[in-house]
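Below: coords00.tsv (TSV, C-alpha atoms)
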```
chain	number	residue	atom	x	y	z
Z	19	MET	CA	0.00	0.00	0.00
Z	20	GLU	CA	2.91	2.37	0.66
Z	21	ALA	CA	4.15	1.90	-2.91
Z	22	ALA	CA	0.63	2.52	-4.22
Z	23	LEU	CA	0.25	5.66	-2.11
Z	24	GLU	CA	3.53	7.09	-3.34
Z	25	LEU	CA	2.80	6.37	-7.01
Z	26	PHE	CA	-0.85	7.46	-6.97
Z	27	SER	CA	0.02	10.69	-5.17
Z	28	ARG	CA	2.79	11.47	-7.65
Z	29	LYS	CA	1.27	10.21	-10.92
Z	30	GLY	CA	-2.48	10.21	-10.25
Z	31	PHE	CA	-4.97	7.41	-10.66
Z	32	HIS	CA	-4.81	7.13	-14.47
Z	33	GLY	CA	-1.06	7.67	-14.63
Z	34	THR	CA	-0.30	4.72	-12.35
Z	35	THR	CA	-0.43	1.08	-13.37
Z	36	ILE	CA	-0.70	-2.03	-11.23
Z	37	ALA	CA	2.56	-3.21	-12.81
Z	38	GLU	CA	4.35	-0.07	-11.57
Z	39	VAL	CA	2.97	-0.56	-8.06
Z	40	ALA	CA	4.08	-4.20	-8.07
Z	41	LYS	CA	7.56	-3.28	-9.26
Z	42	ARG	CA	7.91	-0.52	-6.63
Z	43	ALA	CA	6.69	-2.90	-3.91
Z	44	GLY	CA	9.01	-5.68	-5.08
Z	45	VAL	CA	6.19	-8.16	-5.74
Z	46	GLY	CA	4.51	-9.66	-8.76
Z	47	VAL	CA	1.33	-8.26	-10.30
Z	48	GLY	CA	-0.49	-11.45	-9.30
Z	49	THR	CA	0.40	-10.84	-5.66
Z	50	ILE	CA	-1.32	-7.47	-5.79
Z	51	TYR	CA	-4.45	-9.04	-7.29
Z	52	GLN	CA	-4.47	-11.61	-4.47
Z	53	HIS	CA	-5.05	-8.73	-2.05
Z	54	PHE	CA	-6.98	-6.23	-4.19
Z	55	LYS	CA	-9.69	-7.02	-6.73
Z	56	SER	CA	-9.03	-3.95	-8.87
Z	57	LYS	CA	-6.93	-0.84	-9.31
Z	58	GLU	CA	-9.80	1.15	-7.78
Z	59	GLU	CA	-9.71	-1.00	-4.63
Z	60	LEU	CA	-5.93	-0.60	-4.39
Z	61	TYR	CA	-6.41	3.15	-4.78
Z	62	LEU	CA	-9.09	3.42	-2.09
Z	63	SER	CA	-7.74	0.93	0.43
Z	64	PRO	CA	-4.91	3.09	1.79
Z	65	LEU	CA	-7.20	6.12	1.74
Z	66	GLU	CA	-9.77	4.34	3.86
Z	67	GLU	CA	-7.18	2.89	6.23
Z	68	ARG	CA	-5.43	6.19	6.91
Z	69	CYS	CA	-8.71	8.13	7.10
Z	70	GLN	CA	-9.98	5.69	9.71
Z	71	GLU	CA	-6.75	6.02	11.70
Z	72	LEU	CA	-6.99	9.83	11.73
Z	73	LEU	CA	-10.72	9.80	12.37
Z	74	GLU	CA	-10.31	7.64	15.48
Z	75	THR	CA	-7.69	10.02	16.85
Z	76	LEU	CA	-9.86	13.07	16.18
Z	77	GLN	CA	-12.98	11.42	17.62
Z	78	ALA	CA	-11.20	10.81	20.92
Z	79	LEU	CA	-10.12	14.44	21.09
Z	80	ALA	CA	-13.57	15.73	20.10
Z	81	GLN	CA	-15.14	13.83	23.01
Z	82	GLU	CA	-13.02	15.56	25.64
Z	83	GLU	CA	-14.81	18.11	27.79
Z	84	ALA	CA	-12.89	21.27	27.01
Z	85	PRO	CA	-13.59	24.73	25.59
Z	86	THR	CA	-14.15	24.72	21.83
Z	87	ARG	CA	-10.92	26.58	21.05
Z	88	GLU	CA	-8.92	24.03	23.07
Z	89	THR	CA	-10.69	21.10	21.42
Z	90	LEU	CA	-10.11	22.55	17.93
Z	91	SER	CA	-6.48	23.24	18.84
Z	92	LYS	CA	-5.87	19.64	19.92
Z	93	MET	CA	-7.65	18.30	16.83
Z	94	LEU	CA	-5.66	20.64	14.61
Z	95	GLN	CA	-2.37	19.57	16.23
Z	96	ALA	CA	-3.22	15.90	15.73
Z	97	GLN	CA	-4.31	16.42	12.14
Z	98	THR	CA	-1.24	18.51	11.34
Z	99	ALA	CA	1.12	15.92	12.79
Z	100	PHE	CA	-0.70	13.21	10.84
Z	101	VAL	CA	-0.50	15.16	7.57
Z	102	GLU	CA	3.21	15.83	8.04
Z	103	LYS	CA	3.88	12.17	8.85
Z	104	HIS	CA	1.82	10.88	5.91
Z	105	ARG	CA	2.50	13.48	3.21
Z	106	SER	CA	1.93	11.08	0.27
Z	107	PHE	CA	-1.38	9.94	1.72
Z	108	PHE	CA	-2.59	13.49	2.27
Z	109	LYS	CA	-1.61	14.57	-1.22
Z	110	LEU	CA	-3.59	11.63	-2.58
Z	111	TYR	CA	-6.56	12.39	-0.29
Z	112	LEU	CA	-6.71	16.04	-1.35
Z	113	SER	CA	-6.35	15.16	-5.02
Z	114	GLU	CA	-9.28	12.78	-4.64
Z	115	GLN	CA	-11.40	15.43	-2.96
Z	116	LEU	CA	-10.66	17.87	-5.76
Z	117	ALA	CA	-10.58	15.39	-8.64
Z	118	THR	CA	-11.59	16.98	-11.90
Z	119	LEU	CA	-11.59	13.79	-13.91
Z	120	GLU	CA	-15.25	12.81	-14.02
Z	121	ALA	CA	-14.42	9.17	-14.70
Z	122	VAL	CA	-12.52	8.94	-11.42
Z	123	ARG	CA	-15.18	10.87	-9.48
Z	124	GLU	CA	-17.94	8.67	-10.86
Z	125	ARG	CA	-16.15	5.46	-9.85
Z	126	LEU	CA	-14.64	6.61	-6.59
Z	127	GLY	CA	-16.60	9.70	-5.63
Z	128	VAL	CA	-19.24	8.06	-3.43
Z	129	LYS	CA	-16.66	6.34	-1.25
Z	130	ALA	CA	-14.40	9.39	-1.11
Z	131	ASP	CA	-17.37	11.62	-0.29
Z	132	HIS	CA	-18.29	9.22	2.54
Z	133	LEU	CA	-14.77	9.48	4.00
Z	134	TYR	CA	-14.83	13.27	3.80
Z	135	GLY	CA	-18.31	13.28	5.31
Z	136	GLN	CA	-17.08	11.45	8.41
Z	137	PHE	CA	-14.51	14.18	9.08
Z	138	PHE	CA	-17.04	16.90	8.30
Z	139	ARG	CA	-19.61	15.47	10.74
Z	140	LEU	CA	-17.00	15.19	13.49
Z	141	TYR	CA	-15.95	18.82	13.16
Z	142	GLN	CA	-19.60	19.86	12.86
Z	143	GLU	CA	-20.32	18.22	16.24
Z	144	VAL	CA	-17.55	20.32	17.78
Z	145	MET	CA	-19.07	23.44	16.20
Z	146	GLU	CA	-22.51	22.55	17.54
Z	147	ARG	CA	-21.11	22.22	21.08
Z	148	GLY	CA	-19.29	25.53	20.66
Z	149	ILE	CA	-22.54	27.23	19.68
Z	150	GLU	CA	-24.41	25.64	22.59
Z	151	ARG	CA	-21.72	26.87	25.01
Z	152	GLU	CA	-21.86	30.31	23.38
Z	153	GLU	CA	-18.17	30.05	22.47
Z	154	LEU	CA	-18.97	30.41	18.77
Z	155	LYS	CA	-21.40	32.66	16.94
Z	156	PRO	CA	-24.87	31.19	16.45
Z	157	LEU	CA	-24.34	30.45	12.76
Z	158	PRO	CA	-25.29	27.23	10.99
Z	159	PRO	CA	-22.79	24.59	12.23
Z	160	SER	CA	-22.32	23.30	8.68
Z	161	HIS	CA	-21.19	26.77	7.55
Z	162	LEU	CA	-18.78	27.06	10.46
Z	163	THR	CA	-17.40	23.62	9.62
Z	164	ARG	CA	-16.91	24.54	5.96
Z	165	ALA	CA	-15.14	27.76	6.98
Z	166	PHE	CA	-12.80	25.97	9.38
Z	167	MET	CA	-12.02	23.13	6.97
Z	168	GLY	CA	-11.55	25.61	4.13
Z	169	ILE	CA	-8.99	27.63	6.09
Z	170	LEU	CA	-7.24	24.46	7.21
Z	171	ASN	CA	-7.14	22.88	3.75
Z	172	SER	CA	-5.79	26.05	2.14
Z	173	PHE	CA	-2.81	25.91	4.51
Z	174	PHE	CA	-2.37	22.19	3.78
Z	175	PHE	CA	-2.39	22.87	0.02
Z	176	ASP	CA	0.21	25.59	0.35
Z	177	TRP	CA	2.37	23.31	2.51
Z	178	LEU	CA	2.19	20.57	-0.13
Z	179	LYS	CA	3.24	23.10	-2.77
Z	180	GLY	CA	6.18	24.22	-0.61
Z	181	HIS	CA	4.82	27.74	0.06
Z	182	ILE	CA	4.67	27.10	3.81
Z	183	GLU	CA	7.61	25.50	5.57
Z	184	SER	CA	5.90	24.33	8.75
Z	185	LEU	CA	2.33	23.34	9.42
Z	186	GLN	CA	3.08	23.63	13.12
Z	187	GLU	CA	3.53	27.38	12.73
Z	188	ALA	CA	0.29	27.67	10.77
Z	189	GLN	CA	-1.83	26.03	13.49
Z	190	GLU	CA	-2.26	29.13	15.63
Z	191	ILE	CA	-3.02	31.24	12.55
Z	192	VAL	CA	-5.76	28.82	11.50
Z	193	LEU	CA	-7.26	28.82	15.00
Z	194	SER	CA	-7.02	32.57	15.38
Z	195	LEU	CA	-8.57	33.28	11.98
Z	196	PHE	CA	-11.41	30.92	12.67
Z	197	VAL	CA	-12.20	31.63	16.33
Z	198	GLU	CA	-11.38	35.35	16.48
Z	199	GLY	CA	-11.67	36.41	12.85
Z	200	ALA	CA	-9.38	38.74	10.93
Z	201	GLY	CA	-11.15	41.97	11.90
Z	202	ARG	CA	-10.07	44.36	14.64
```

Represent the structure from my file as structure tokens, please.
Amino acid sequence: MEAALELFSRKGFHGTTIAEVAKRAGVGVGTIYQHFKSKEELYLSPLEERCQELLETLQALAQEEAPTRETLSKMLQAQTAFVEKHRSFFKLYLSEQLATLEAVRERLGVKADHLYGQFFRLYQEVMERGIEREELKPLPPSHLTRAFMGILNSFFFDWLKGHIESLQEAQEIVLSLFVEGAGR
């Protein structure tokens, strides 16, 4: 799966062949098909596995009884550390979320949308608690979630492109922009 992640993140879904993955992994093509029924399954399997790993970490943090800013800070720290540790995975995950190739979105979109939806719902629950505690403005929780994830993902994109050296440094900026806003 590591070989697949690296190749898919670098060359995309259509640009990667099972033969290339097998060669990179040091196994035969038949060995890959013993574990994965199709190229699509090989593509999605590491996505699902890593998403589940991150989701479990974030769920545990979201359940802690703490002020919203503190909860979001801990979740952001965990997600940032995960993204830095698994750069190839995250590049693949973001490319899937923003896929422009309709053929890929049609085949893989439902499953990828489900994975994204799990993260979205988790953050939305944190927003709902923040509104209930009057720590966040009484805006629709889904809009707050989109705003937070949008700010976060823009920093992640810039980090992947090399425009930001450290995601650790960006964490406080993301939190501050979201919780306090940019106005004076």

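By all atoms listed in the file, and with residues fewer than 3 positions from stretch 96-102 of chain Z along its chain excluded, the set lying at most 7 Å from it is Lys92, Met93, Arg105, Phe108, Leu185 and Gln186 of chain Z.
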
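Closest approach to Z:Cys69 from the set Z:Leu112, Z:Leu90, Z:Leu157, Z:Val47 is made by Z:Leu112, with distances taken over all atoms listed in the file.
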
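Closest to Z:Arg164 among Z:Ala78, Z:Ala40, Z:Met145, Z:Leu65 is Z:Met145, based on all atoms listed in the file.
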
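Using only C-alpha atoms, the shortest contact distance between Z:Arg87 and any of Z:Gly148, Z:Gly168, Z:Pro158, Z:Gly30 is found at Z:Gly148.
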
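Each of Z:Glu143, Z:Val192, Z:Glu38, Z:Leu154 was checked against Z:Leu79 using only C-alpha atoms; the smallest atom-to-atom distance is that of Z:Glu143.
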
Q: Rank Z:Leu193, Z:Ile36, Z:Ile50, Z:Ala22 by their smallest atom-to-atom distance to Z:Pro64, using only C-alpha atoms, and report the top residue only.
A: Z:Ala22

(Q) Which residues are near Z:Gln142? Cut-off 9 Å, all atoms listed in the file, ignore same chain within fewer than 2 positions. Put them as a PyMOL selection string. (A) chain Z and resi 137-140+144-147+159-164

Q. Within 8 Å of Z:Ser106, counting all atoms listed in the file, which residues qualify if same-chain residues fewer than 6 places away don't, as a VMD selection string?
A. chain Z and resid 23 to 24 27 to 28

Q: Determine the nearest neighbour of Z:Gly135 from the options Z:Met19, Z:Glu82, Z:Thr75, Z:Met167, counting only C-alpha atoms.
A: Z:Met167

Q: Give me the residues within 8 Å of Z:Leu25 as a PyMOL selection string, counting all atoms listed in the file and dropping any in the same chain fewer than 4 places off.
A: chain Z and resi 21+29-30+34+39

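You will find atom CA of Z:Phe196 at 6.1 Å from atom CA of Z:Phe166.
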
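Between atom CA of Z:Ser56 and atom CA of Z:Arg68 the separation is 19.1 Å.
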
Q. What does the distance between atom CA of Z:Glu88 and atom CA of Z:Glu66 come to in Å, to one decimal place?
A. 27.5 Å

Padded axis-aligned box of stretch 49-65 of chain Z (3 Å per side), centre and edge lengths, Å, one decimal, as lines of an AutoDock Vina configuration file:
```
center_x = -4.7
center_y = -2.7
center_z = -3.8
size_x = 16.2
size_y = 23.7
size_z = 17.1
```
